[in-house]
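**Q** Compact mmCIF, C-alpha atoms, saved as upload-v1.txt, coming up:
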# COMPACT_ATOMS: atom_id res chain seq x y z
CA MET A 22 -91.44 -3.44 -68.40
CA SER A 23 -92.81 -5.78 -71.01
CA ARG A 24 -92.35 -9.39 -70.11
CA LEU A 25 -89.95 -11.84 -71.70
CA ASN A 26 -92.65 -13.58 -73.71
CA ASP A 27 -93.55 -10.37 -75.56
CA VAL A 28 -91.13 -10.84 -78.45
CA GLY A 29 -93.40 -10.05 -81.42
CA GLY A 30 -91.46 -7.90 -83.86
CA LEU A 31 -88.10 -8.42 -82.16
CA THR A 32 -85.24 -9.53 -84.35
CA GLY A 33 -82.20 -11.56 -83.42
CA PHE A 34 -83.87 -14.92 -82.81
CA GLY A 35 -83.12 -16.25 -86.28
CA PRO A 36 -85.65 -17.79 -88.65
CA ILE A 37 -88.61 -19.80 -87.36
CA GLU A 38 -87.83 -23.48 -87.66
CA ARG A 39 -90.36 -25.20 -89.91
CA GLU A 40 -90.60 -28.99 -89.70
CA PRO A 41 -92.33 -30.99 -92.40
CA ASP A 42 -94.82 -33.41 -90.78
CA GLU A 43 -94.24 -31.81 -87.41
CA PRO A 44 -95.40 -34.19 -84.66
CA LEU A 45 -97.80 -32.97 -81.96
CA PHE A 46 -95.12 -33.72 -79.38
CA HIS A 47 -91.41 -34.34 -79.80
CA SER A 48 -91.21 -36.69 -76.85
CA GLU A 49 -93.51 -38.34 -74.38
CA TRP A 50 -92.73 -36.03 -71.47
CA GLU A 51 -94.10 -33.11 -73.49
CA ALA A 52 -97.43 -34.87 -73.85
CA ARG A 53 -97.40 -35.58 -70.11
CA VAL A 54 -96.78 -31.91 -69.29
CA PHE A 55 -99.58 -30.93 -71.65
CA ALA A 56 -101.97 -33.44 -70.04
CA LEU A 57 -100.93 -32.51 -66.51
CA ASN A 58 -101.59 -28.83 -67.16
CA ARG A 59 -105.01 -29.50 -68.71
CA LEU A 60 -105.92 -31.74 -65.80
CA LEU A 61 -104.89 -29.23 -63.13
CA MET A 62 -106.79 -26.42 -64.87
CA GLY A 63 -109.78 -28.72 -65.32
CA LYS A 64 -109.70 -29.47 -61.59
CA GLY A 65 -109.76 -25.73 -60.93
CA LEU A 66 -106.34 -25.52 -59.26
CA TYR A 67 -105.55 -22.50 -61.40
CA ASN A 68 -106.88 -20.84 -64.52
CA LEU A 69 -105.31 -20.36 -67.95
CA ASP A 70 -104.32 -16.75 -67.23
CA GLU A 71 -102.59 -17.71 -63.99
CA PHE A 72 -100.71 -20.37 -65.93
CA ARG A 73 -99.62 -17.86 -68.58
CA ASP A 74 -98.56 -15.47 -65.83
CA ALA A 75 -96.49 -18.21 -64.19
CA VAL A 76 -94.69 -18.91 -67.48
CA GLU A 77 -94.00 -15.20 -67.92
CA ARG A 78 -92.43 -15.06 -64.46
CA ILE A 79 -89.69 -17.59 -65.29
CA ASP A 80 -86.22 -16.34 -64.35
CA PRO A 81 -85.05 -14.14 -67.26
CA ALA A 82 -81.61 -15.75 -67.28
CA ARG A 83 -83.24 -19.09 -68.10
CA TYR A 84 -86.37 -18.17 -70.06
CA TYR A 85 -85.01 -18.05 -73.61
CA GLY A 86 -82.93 -21.20 -73.10
CA LEU A 87 -85.99 -23.29 -72.30
CA SER A 88 -88.07 -25.07 -74.92
CA TYR A 89 -91.82 -24.47 -75.21
CA TYR A 90 -92.88 -27.39 -73.01
CA GLU A 91 -90.00 -26.85 -70.62
CA ARG A 92 -91.59 -23.44 -69.99
CA TRP A 93 -94.95 -25.13 -69.49
CA PHE A 94 -93.37 -27.46 -66.94
CA GLU A 95 -91.79 -24.50 -65.12
CA GLY A 96 -95.15 -22.73 -65.02
CA VAL A 97 -96.97 -25.77 -63.62
CA ARG A 98 -94.17 -26.33 -61.12
CA THR A 99 -94.30 -22.71 -59.90
CA LEU A 100 -98.08 -22.83 -59.42
CA LEU A 101 -98.00 -26.16 -57.55
CA ILE A 102 -95.30 -24.85 -55.19
CA GLU A 103 -97.03 -21.50 -54.65
CA ARG A 104 -100.28 -23.23 -53.78
CA GLY A 105 -98.52 -25.50 -51.33
CA ILE A 106 -99.50 -28.64 -53.23
CA VAL A 107 -95.95 -29.79 -53.84
CA PRO A 108 -92.99 -29.01 -51.57
CA PRO A 109 -90.28 -27.12 -53.51
CA GLU A 110 -87.60 -29.73 -52.84
CA THR A 111 -89.60 -32.50 -54.54
CA ALA A 112 -90.79 -30.50 -57.54
CA THR A 113 -88.05 -31.26 -60.04
CA MET B 13 -120.22 -1.06 -74.62
CA LYS B 14 -118.17 2.07 -75.25
CA PHE B 15 -117.20 1.69 -78.93
CA SER B 16 -119.07 0.72 -82.09
CA VAL B 17 -117.98 -0.85 -85.36
CA GLY B 18 -115.99 1.53 -87.56
CA GLU B 19 -114.96 3.80 -84.70
CA ALA B 20 -111.34 4.98 -84.57
CA VAL B 21 -109.49 4.10 -81.40
CA GLN B 22 -106.00 4.27 -79.99
CA THR B 23 -104.51 1.55 -77.84
CA SER B 24 -103.12 2.37 -74.44
CA GLY B 25 -99.38 2.97 -74.26
CA ARG B 26 -99.39 1.63 -70.72
CA ASP B 27 -96.60 -0.77 -69.77
CA PRO B 28 -97.72 -2.63 -66.66
CA VAL B 29 -95.56 -5.11 -64.81
CA HIS B 30 -98.29 -7.77 -64.61
CA HIS B 31 -99.81 -10.12 -67.18
CA TYR B 32 -101.20 -7.93 -69.96
CA ARG B 33 -102.71 -8.58 -73.36
CA VAL B 34 -101.56 -5.62 -75.41
CA PRO B 35 -98.34 -6.76 -77.07
CA ARG B 36 -95.56 -4.20 -77.19
CA TYR B 37 -95.93 -3.72 -80.93
CA LEU B 38 -99.59 -2.67 -80.55
CA ARG B 39 -99.14 -0.08 -77.83
CA ALA B 40 -100.18 3.54 -78.51
CA LYS B 41 -101.29 2.52 -82.02
CA ARG B 42 -104.29 3.76 -83.95
CA GLY B 43 -106.83 1.26 -85.15
CA ARG B 44 -110.48 0.83 -86.00
CA ILE B 45 -113.18 -1.26 -84.32
CA GLU B 46 -113.91 -4.18 -86.62
CA ALA B 47 -116.24 -6.22 -84.40
CA VAL B 48 -117.85 -5.98 -80.99
CA HIS B 49 -117.94 -9.21 -79.00
CA ALA B 50 -119.47 -10.23 -75.69
CA ALA B 51 -118.04 -9.21 -72.34
CA PHE B 52 -115.34 -11.41 -70.81
CA PRO B 53 -113.43 -11.35 -67.52
CA LEU B 54 -110.26 -9.31 -67.87
CA ALA B 55 -107.23 -11.57 -68.19
CA ASP B 56 -104.98 -9.17 -66.24
CA ALA B 57 -107.14 -9.65 -63.15
CA ARG B 58 -107.72 -13.37 -63.69
CA ALA B 59 -103.96 -13.89 -63.96
CA ALA B 60 -103.55 -12.25 -60.56
CA GLY B 61 -106.06 -14.65 -59.02
CA ASP B 62 -108.81 -12.02 -58.63
CA PRO B 63 -111.92 -14.04 -57.67
CA ALA B 64 -114.20 -11.35 -59.18
CA PRO B 65 -112.32 -9.95 -62.18
CA PRO B 66 -113.86 -6.99 -64.04
CA VAL B 67 -115.94 -8.08 -67.01
CA GLU B 68 -115.32 -5.98 -70.11
CA THR B 69 -116.47 -5.91 -73.71
CA LEU B 70 -113.96 -7.46 -76.08
CA TYR B 71 -113.37 -5.93 -79.52
CA THR B 72 -111.64 -6.98 -82.70
CA VAL B 73 -109.52 -4.00 -83.69
CA ALA B 74 -108.04 -3.62 -87.17
CA PHE B 75 -104.65 -1.94 -87.60
CA ALA B 76 -102.93 -0.92 -90.81
CA GLY B 77 -99.80 -3.03 -91.25
CA ASP B 78 -97.68 0.07 -91.75
CA ASP B 79 -98.86 1.51 -88.44
CA VAL B 80 -97.91 -1.67 -86.58
CA TRP B 81 -94.63 -2.37 -88.37
CA PRO B 82 -93.54 0.97 -89.86
CA GLY B 83 -91.61 0.29 -93.04
CA GLY B 84 -91.71 -3.45 -92.43
CA ALA B 85 -95.22 -4.58 -93.35
CA GLU B 86 -96.19 -6.25 -96.62
CA PRO B 87 -98.43 -3.97 -98.72
CA ASN B 88 -102.13 -3.92 -97.77
CA THR B 89 -101.54 -5.83 -94.56
CA VAL B 90 -104.33 -5.44 -92.02
CA TYR B 91 -103.58 -6.73 -88.54
CA HIS B 92 -106.45 -7.83 -86.29
CA ALA B 93 -106.26 -8.14 -82.54
CA GLU B 94 -108.80 -8.97 -79.85
CA LEU B 95 -108.56 -6.29 -77.18
CA TRP B 96 -110.48 -5.49 -74.02
CA GLU B 97 -112.27 -2.18 -73.63
CA SER B 98 -109.94 -0.73 -70.99
CA TYR B 99 -107.03 -1.17 -73.43
CA LEU B 100 -108.63 1.32 -75.84
CA HIS B 101 -109.17 5.07 -75.98
CA PRO B 102 -111.48 6.98 -78.32
CA LEU B 103 -109.81 8.81 -81.17
CA GLU B 104 -111.54 11.83 -82.67
CA THR B 105 -109.71 11.84 -85.99
CA ALA B 106 -109.68 8.73 -88.13
CA PRO B 107 -106.28 7.07 -88.51
Represent the supplied structure as structure tokens.

**A**
Amino acid sequence: MSRLNDVGGLTGFGPIEREPDEPLFHSEWEARVFALNRLLMGKGLYNLDEFRDAVERIDPARYYGLSYYERWFEGVRTLLIERGIVPPETAT
Amino acid sequence: MKFSVGEAVQTSGRDPVHHYRVPRYLRAKRGRIEAVHAAFPLADARAAGDPAPPVETLYTVAFAGDDVWPGGAEPNTVYHAELWESYLHPLETAP
């Protein structure tokens, strides 16, 4: 029953991509997701472990197809909907 | 504090459905207490929104590479992990 994120030691994902001079973010929306998450945690809307849990609960059929910050966005989105802060139909 | 530095321990083989900080590759593995840290709120409970999560001592546990990745570890690899007390069991015989 291990969760989808627990892939340490699994094979089949191919080599880890190493970028020379890797930027902090690959596009602006990633930085926005990062900032949004830090802000919401800083405001006490949820804690880091609840955020990790939300990422781990992403639909298995989609999880591995999402990029790192796409997963972050999904986690933030889930928590905002579950807490009734954002109505599901507007959280896209 | 249940364990002291140098003590042999075995990680839990438990496989809970909730957020959990023992990765699959470290379950039911023998290791040794390398350092004893302060007590911290258990992430499993915090992840579930528990307003008063249990506070447990955190340990650095050292594992032999060959125990973690049988046949796949580089020679002399020692793997360190930070693990909460309830993830660990005492082990009478040294690994």

**Q** What lies within 12 Å of Ile102 (chain A) using all atoms listed in the file, ignoring chain neighbours under 5 positions off, as a list in words?

**A** Leu66, Ala75, Glu95, Gly96, Val97, Val107, Pro108, Pro109, Glu110, Thr111, Ala112 and Thr113 of chain A

**Q** With distances taken over all atoms listed in the file, which of B:Ala40, B:Leu103, B:Val73, B:Ala57 is nearest to chain A?

**A** B:Ala57

**Q** Enumerate, in order of chain and increasing residue number, the residues of chain A with an atom no farther than 7 Å from chain B, each with its shortest atom pair and distance in Å to one decimal, counting only C-alpha atoms, as CSV.

**A**
residue,atom,partner,partner_atom,distance
A:Met22,CA,B:Val29,CA,5.7
A:Ser23,CA,B:Asp27,CA,6.4
A:Asp27,CA,B:Pro35,CA,6.2
A:Gly29,CA,B:Tyr37,CA,6.8
A:Gly30,CA,B:Tyr37,CA,6.8
A:Asp70,CA,B:Ala59,CA,4.4
A:Glu71,CA,B:Ala59,CA,4.1
A:Asp74,CA,B:His31,CA,5.7

**Q** Report, in Å to a single decimal, how far apart CA of Asn58 (chain A) and CA of Glu43 (chain A) are.

**A** 21.7 Å

**Q** Can you measure CA of Arg44 (chain B) to CA of Pro82 (chain B) for me? One decimal in Å is fine.

**A** 17.4 Å

**Q** Would you list the contacts of Asn88 (chain B) as a list of chain:residue names, taking every protein, DNA or RNA residue within 10 Å and counting all atoms listed in the file, but skipping same-chain residues closer than 3 positions in sequence?

**A**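 These residues fall inside the cut-off: B:Ala76, B:Gly77, B:Asp78, B:Ala85, B:Tyr91.
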
**Q** Determine the nearest neighbour of Leu100 (chain A) from the options A:Ile37, A:Ala52, A:Ile79, A:Leu25, counting only C-alpha atoms.

**A**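 The shortest atom-to-atom distance to Leu100 (chain A) comes from A:Ile79.
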
**Q** Residues near Tyr85 (chain A), anyone? I mean within 12 Å using all atoms listed in the file, not counting same-chain ones fewer than 2 positions away, as a ChimeraX atom specification.

**A** /A:24-28,34,76-77,79-83,87-89,91-92

**Q** Here's a test: counting all atoms listed in the file, identify every protein, DNA and RNA residue with an atom at most 6 Å from (-91.5, -31.0, -72.8) in the file's coordinate frame, and state them as a ChimeraX atom specification.

**A** /A:50-51,90-91

**Q** At what distance in Å, to one decimal, does CA of Gly65 (chain A) lie from CA of Val67 (chain B)?

**A**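 The value is 19.7 Å.
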
**Q** Would you pick out the contacts of Tyr71 (chain B) at 7 Å or less, using all atoms listed in the file, so that residues sharing its chain but fewer than 3 positions from it are not included, and give the list as an NGL selection string?

**A** :B and (45 or 47-49 or 94-96)

**Q** Of the candidates B:Glu68, B:Gly43, B:Ser24, B:Pro63, which shows the shortest atom-to-atom distance to Ala93 (chain B), using all atoms listed in the file?

**A** B:Gly43

**Q** Using only C-alpha atoms, pick whichever of B:Ala20, B:Phe15, B:Pro102, B:Lys41 has the shortest atom-to-atom distance to Leu70 (chain B).

**A**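 Of B:Ala20, B:Phe15, B:Pro102, B:Lys41, the one nearest Leu70 (chain B), counting only C-alpha atoms, is B:Phe15.
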